[in-house]
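Shown next, in structure tokens, is the structure this report addresses.
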Amino acid sequence: MTRPGSGPQGIYEQVSSTAPQAPPPPGSGLIPGAAAAPPPPPPPNYGELGSGQAKADFAAASANGGWEFDPAAMDKVIKSLEDCIENDFSQAQDHATWLTMIQPPGQEVGSEGYAAAANKSGAAYQDFLQGARDYTMAYLGTLKQIRTAYQEQDQAALDALRQIGKTA
């Protein structure tokens, strides 16, 4: 004869019961009644950041009276950034594609969890690369605007670029 609460039936009753849950132990990091963390903020606009940084760099460089525009030096920087976008970012993005196509080595929880985490990491890397590329493209575009303004001697455009970062 078995006692109530013992044996397989007793374990089943314990597991399937709706007994009140105890609060988390002190120091566990869990807060009773706390809500889930708020969603993360949206990512920054890397295009705006890149353009703003190029304008700020130009404003800082041209703020002192001894700075002169050097078209050859500007062309070197522009060419370097174009090469970086065309070669380095493109190659990195091609390689990053493989980081999102990882297949689990087996059909069990551990392998599938590993593949899911690895693919998620690859996707995060792709997002990073896209943000870095957007930033660099915007920086490059602003440098081209500055070069064009100097070549056309567009004083209004140059003055507007120099105002970035100055308080009104």
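Just so we're on the same page: first chain in the structure tokens is A, next is B, and so on; residues restart at 1 for each chain, and ligands are numbered from 1 in the order they show up.
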| query | What's the 8 Å shell around segment 133-148 of chain A, counting only C-alpha atoms, without same-chain residues fewer than 5 positions away, as a count of residues only? | reply | 19
| request: With a distance cut-off of 9 Å and only C-alpha atoms, select the neighbouring residues of segment 114-123 of chain A, excluding the residue or stretch itself and same-chain residues fewer than 5 positions from it, and output the selection as a ChimeraX atom specification. | output: /A:96-105,109,128
Could you write out the selected residues, including N, CA and C atoms, as a PDB file, in the first residue's frame?
```pdb
ATOM      1  N   ALA A  96      30.244  37.807 -44.882  1.00  0.00           N
ATOM      2  CA  ALA A  96      29.252  37.793 -43.801  1.00  0.00           C
ATOM      3  C   ALA A  96      28.008  37.006 -44.190  1.00  0.00           C
ATOM      4  N   THR A  97      27.720  36.932 -45.470  1.00  0.00           N
ATOM      5  CA  THR A  97      26.563  36.150 -45.915  1.00  0.00           C
ATOM      6  C   THR A  97      26.668  34.705 -45.448  1.00  0.00           C
ATOM      7  N   TRP A  98      27.876  34.164 -45.488  1.00  0.00           N
ATOM      8  CA  TRP A  98      28.073  32.777 -45.063  1.00  0.00           C
ATOM      9  C   TRP A  98      27.815  32.607 -43.570  1.00  0.00           C
ATOM     10  N   LEU A  99      27.964  33.672 -42.818  1.00  0.00           N
ATOM     11  CA  LEU A  99      27.758  33.588 -41.364  1.00  0.00           C
ATOM     12  C   LEU A  99      26.287  33.515 -40.978  1.00  0.00           C
ATOM     13  N   THR A 100      25.408  33.611 -41.945  1.00  0.00           N
ATOM     14  CA  THR A 100      23.973  33.488 -41.664  1.00  0.00           C
ATOM     15  C   THR A 100      23.388  32.217 -42.268  1.00  0.00           C
ATOM     16  N   MET A 101      24.248  31.367 -42.793  1.00  0.00           N
ATOM     17  CA  MET A 101      23.767  30.146 -43.449  1.00  0.00           C
ATOM     18  C   MET A 101      24.329  28.892 -42.783  1.00  0.00           C
ATOM     19  N   ILE A 102      24.632  28.987 -41.495  1.00  0.00           N
ATOM     20  CA  ILE A 102      25.212  27.859 -40.768  1.00  0.00           C
ATOM     21  C   ILE A 102      24.128  26.819 -40.489  1.00  0.00           C
ATOM     22  N   GLN A 103      24.427  25.601 -40.840  1.00  0.00           N
ATOM     23  CA  GLN A 103      23.501  24.490 -40.617  1.00  0.00           C
ATOM     24  C   GLN A 103      23.911  23.744 -39.354  1.00  0.00           C
ATOM     25  N   PRO A 104      22.947  23.267 -38.581  1.00  0.00           N
ATOM     26  CA  PRO A 104      23.306  22.514 -37.380  1.00  0.00           C
ATOM     27  C   PRO A 104      24.014  21.217 -37.761  1.00  0.00           C
ATOM     28  N   PRO A 105      25.076  20.851 -37.029  1.00  0.00           N
ATOM     29  CA  PRO A 105      25.779  19.609 -37.338  1.00  0.00           C
ATOM     30  C   PRO A 105      24.953  18.368 -37.016  1.00  0.00           C
ATOM     31  N   VAL A 109      18.865  19.429 -29.872  1.00  0.00           N
ATOM     32  CA  VAL A 109      18.717  20.764 -29.301  1.00  0.00           C
ATOM     33  C   VAL A 109      20.035  21.546 -29.293  1.00  0.00           C
ATOM     34  N   PHE A 128      25.919  45.474 -38.683  1.00  0.00           N
ATOM     35  CA  PHE A 128      27.047  46.361 -38.380  1.00  0.00           C
ATOM     36  C   PHE A 128      27.718  46.829 -39.664  1.00  0.00           C
TER      37      PHE A 128
END
```
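Nearest to Tyr150 of chain A of all the residues A:Phe69, A:Asp88, A:Glu108, A:His95 is A:Phe69, counting only C-alpha atoms.
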| request: Give the helix (DSSP H, G or I) residues of segment 62-165 of chain A, as assigned by DSSP on the backbone, as a VMD selection string. | output: chain A and resid 62 71 to 98 109 to 151 155 to 162
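Ranking A:Ser62, A:Ser111, A:Gln9, A:Asn45 by their shortest atom-to-atom distance to Gly131 of chain A, with only C-alpha atoms included, puts A:Asn45 first.
Taking atom CA of Ala124 of chain A and atom CA of Gln93 of chain A as endpoints, the distance between them is 11.8 Å.
Distance-wise, atom CA of Gln130 of chain A and atom CA of Ala73 of chain A end up 27.2 Å apart.
In this comparison, which uses only C-alpha atoms, the residue of A:Ala61, A:Ala37, A:Ala156, A:Leu129 approaching Gln91 of chain A most closely is A:Leu129.
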